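To keep things clear, I will list the structure first and then write my remarks on it.
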Amino acid sequence: MSYNVTENSASKRIAAMLDQGSFVEIGGAVTARNTDFNMQEKDTPADGVITGYGVIDGNLVYVYSQDATVLKGSIGEMHAKKIANIYDMAMKMGAPVIGLVDCAGLRLQEATDALEAFGGLYYKQAMASGVIPQITAIFGMCGGGLAIVPGLTDFTFMESTDGKLFVNSPNALEGNEISKCDTSSADYQAKEAGLVDGIGTEAEILGQIRSLVAMIPSNNEDDASYDECTDDLNRVCADLANAGEDTAIALAMLSDSSVFFETKKAFAKDMVTGFIRLNGMTVGAVANRTKVYDAAGSVVEEFDAVLSVEGCKKAIDFVNFCDAFNVPVLTLTNVTGFAATKEAEKNMARATARMTYTFANASVPKVNVIVGKAYGSAYVAMNSKSIGADMVYAWPTAEIGMMDSKLAAKIMYADADAATLNEKAAEYKELQSSPMSAARRGYVDAIIDPADTRKYVIGAFEMLFTKREDRPAKKHGTV
């Protein structure tokens with residue numbers, strides 16, 4: 001049996017997401033094979049999941065969309081095998097897989113058959129990781145073991161009202177009740193868990209997926225994500241210095257025609273990640289942020305210029321994706337140290353170590369622009385020259401060194417009077433923490449005017465386009 005696109009939500013979502021008339025269904029005649037508990041008497045068209053392929057702006061994609069009207073979208077043996085088959089085809093063709101999830105969980109009537117097939121789906125996802133992009137959108141239930149599916153994908157979106165994502169339901173958590181804290185909600189998963197990249201209405205989510213697919217490579221070998229650049233490559237960004245605190249705005253200003261696709265927008269807002277275009281080429285961006293401005297230009301959130309555990313994790317996942325799919329990385333740095341709380345201390349060293357390793361391990365072109373302060377080990381971890389950045393630029397107002405010059409003077413001249421401290425602080429700033437001091441030592445390649453940042457980073461990435469870098473032979477790192 002094949003579906004008519006007007007009959008159910010699963011089909012409508014596919015039709016709305018793909019280019020008009022491009023979807024081709026695969027396995028439409030498949031039904032449940034199990035006969036236990038009178039399953040043969042139940043109608044299971046397509047076994048509750050529509051699978052096939054189509055195009056988004058001309059880019060081939062493979063899609064599966066679960067139908068909650070068939071046994072509540074539960075995953076049976078054939079259901080899971082259909083999705084696994086889509087993964088096999090996508091791997092052969094080098095195209096992304098997009099999963100539209102609306103599912104009650106594993107089908108109890110099929111027990112071990114369903115469990116075995118579901119485990120096979122995990123395996124396909126693991127094998128596809130780093131080979132083809134994987135995207136999940138959650139429109140209904142995504143609970144229990146199914147919650148691992150979006151965890152194994154690269155990008156996840158959730159419908160803001162009906163989408164539910166959980167391993168354990170909110171009421172099953174000791175001391176919690178769903179009216180107090182709905183841990184399954186899109187808001188919680190986006191802001192607190194950091195698993196979800198974007199939330200919104202069904203139409204908004206499908207639009208976000210279309211935008212994302214147009215920005216990223218289809219696989220790890222063939223990059224067709226380039227677009228024609230109609231923007232001036234030498235465009236002066238006159239107000240860029242004013243956006244140094246809210247680097248989400250700065251990145252949009254740098255990008256061709258202000259295109260910026262932000263990932264994990266609601267999570268760890270002190271670290272901005274997302275995709276921009278520079279001369280038509282997709283570039284992954286990672287940036288420290290100290291303020292968030294709304295559309296009216298008012299400050300709605302403020303952060304210290306420090307690395308947080310959540311911010312490091314956000315950067316790690318993003319840079320890993322970029323490196324796997326050969327997407328160059330741009331960083332905007334403004335950091336003075338590490339978050340200093342008892343809670344952060346539990347994971348701070350590990351998170352920063354993993355971020356340091358991730359930047360150092362990435363072999364794609366890497367460019368860093370120091371837009372504010374760059375102090376101590378926190379700066380070193382933020383894609384500095386010492387851990388492998390290919391080009392490092394600094395704005396004239398940048399401060400680069402061990403710590404703030406006044407604090408350094410107090411430590412070195414603990415018994416000095418105020419006048420001496422001020423004198424020594426000014427001397428330290430000039431000799432040890434000015435961008436010129438770093439440039440003289442080769443730690444900064446050039447000091448650039450903020451307004452010229454766009455043309456400098458475009459030039460750097462064009463120069464780095466053919467970058468090749470040998471690494472020590474090993475199976476993989478362990479950090």
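We name chains A, B, ... following the order of the structure tokens; residues begin at 1 in each chain, and ligands are numbered from 1 as shown.
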**Prompt:** Quick one: residues within 6 Å of segment 137-144 of chain A, only C-alpha atoms counted, chain neighbours fewer than 3 positions away excluded, as a PyMOL selection string?
**Reply:** chain A and resi 100-104+147+156-159+162-167
Kindly export the residues of the current selection with C-alpha atoms, as an mmCIF file, in the first residue's frame.
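Heads up, here's the output in selection34.cif:
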data_model
loop_
_atom_site.group_PDB
_atom_site.id
_atom_site.type_symbol
_atom_site.label_atom_id
_atom_site.label_comp_id
_atom_site.auth_asym_id
_atom_site.auth_seq_id
_atom_site.Cartn_x
_atom_site.Cartn_y
_atom_site.Cartn_z
ATOM 1 C CA LEU A 100 10.636 12.826 11.116
ATOM 2 C CA VAL A 101 9.767 11.234 14.448
ATOM 3 C CA ASP A 102 6.321 10.665 15.970
ATOM 4 C CA CYS A 103 6.456 7.377 17.833
ATOM 5 C CA ALA A 104 5.093 5.612 20.904
ATOM 6 C CA ALA A 147 15.567 9.088 22.436
ATOM 7 C CA THR A 156 17.834 17.766 16.141
ATOM 8 C CA PHE A 157 14.705 19.907 15.921
ATOM 9 C CA MET A 158 11.515 19.757 18.015
ATOM 10 C CA GLU A 159 7.953 20.954 17.549
ATOM 11 C CA ASP A 162 3.528 18.434 20.822
ATOM 12 C CA GLY A 163 7.143 17.277 20.630
ATOM 13 C CA LYS A 164 8.220 15.146 23.613
ATOM 14 C CA LEU A 165 11.779 13.833 24.027
ATOM 15 C CA PHE A 166 12.777 11.755 27.043
ATOM 16 C CA VAL A 167 14.604 8.635 28.197
#
**Item:** Filtered DSSP result for segment 154-299 of chain A, state strand (DSSP E or B), as a PyMOL selection string
**Value:** chain A and resi 155-159+164-166+198-200+260-263+271-278+281-288+291-293+299
**A:Gly297, A:Tyr379, A:Glu310, A:Ala398 ranked by distance to Ala446 of chain A, top pick (using only C-alpha atoms)** =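 Of the candidates, the smallest distance to Ala446 of chain A is held by A:Ala398.
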**Message:** Give me, as a PyMOL selection string, the residues of segment 135-331 of chain A that a backbone DSSP run labels helix (DSSP H, G or I).
**Reply:** chain A and resi 144-152+170-172+186-193+202-215+240-243+247-254+256-258+309-324
Using only C-alpha atoms, which protein or nucleic acid residues come within 12 Å of Ser211 of chain A? Drop anything in the same chain fewer than 6 positions from it, and give the result as an mmCIF file with C-alpha atoms, in the first residue's frame.
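Contents of selection.cif, freshly written:
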data_model
loop_
_atom_site.group_PDB
_atom_site.id
_atom_site.type_symbol
_atom_site.label_atom_id
_atom_site.label_comp_id
_atom_site.auth_asym_id
_atom_site.auth_seq_id
_atom_site.Cartn_x
_atom_site.Cartn_y
_atom_site.Cartn_z
ATOM 1 C CA MET A 17 9.813 19.670 3.483
ATOM 2 C CA LEU A 18 10.942 18.441 0.067
ATOM 3 C CA ILE A 56 15.790 19.916 -1.118
ATOM 4 C CA ASP A 57 16.864 22.799 -3.365
ATOM 5 C CA ASN A 59 20.106 18.262 -3.055
ATOM 6 C CA GLU A 204 9.149 26.506 11.018
ATOM 7 C CA ILE A 205 11.038 23.286 11.740
ATOM 8 C CA SER A 225 27.374 23.147 -0.430
ATOM 9 C CA VAL A 259 23.347 34.412 6.196
ATOM 10 C CA PHE A 260 23.846 32.742 9.599
ATOM 11 C CA PHE A 261 22.385 29.384 10.622
ATOM 12 C CA GLU A 262 22.860 29.155 14.383
ATOM 13 C CA THR A 263 22.977 25.708 16.019
ATOM 14 C CA PHE A 275 27.260 28.179 9.807
ATOM 15 C CA ILE A 276 28.036 31.277 7.772
#
**Message:** Which residues are close to Gly459 of chain A, i.e. within 12 Å by only C-alpha atoms, leaving aside same-chain residues fewer than 2 positions away? Reply as a list in words.
**Reply:**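 These residues fall inside the cut-off: Leu233, Asn234, Leu278, Asn279, Val367, Met391, Asp452, Thr453, Arg454, Lys455, Tyr456, Val457, Phe461, Glu462, Met463, Leu464 and Phe465 of chain A.
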**Item:** Proximity to Lys314 of chain A - best of A:Leu195, A:Met78, A:Leu60, A:Ala252, only C-alpha atoms
**Value:**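 Among the listed residues, the smallest separation from Lys314 of chain A belongs to A:Leu195.
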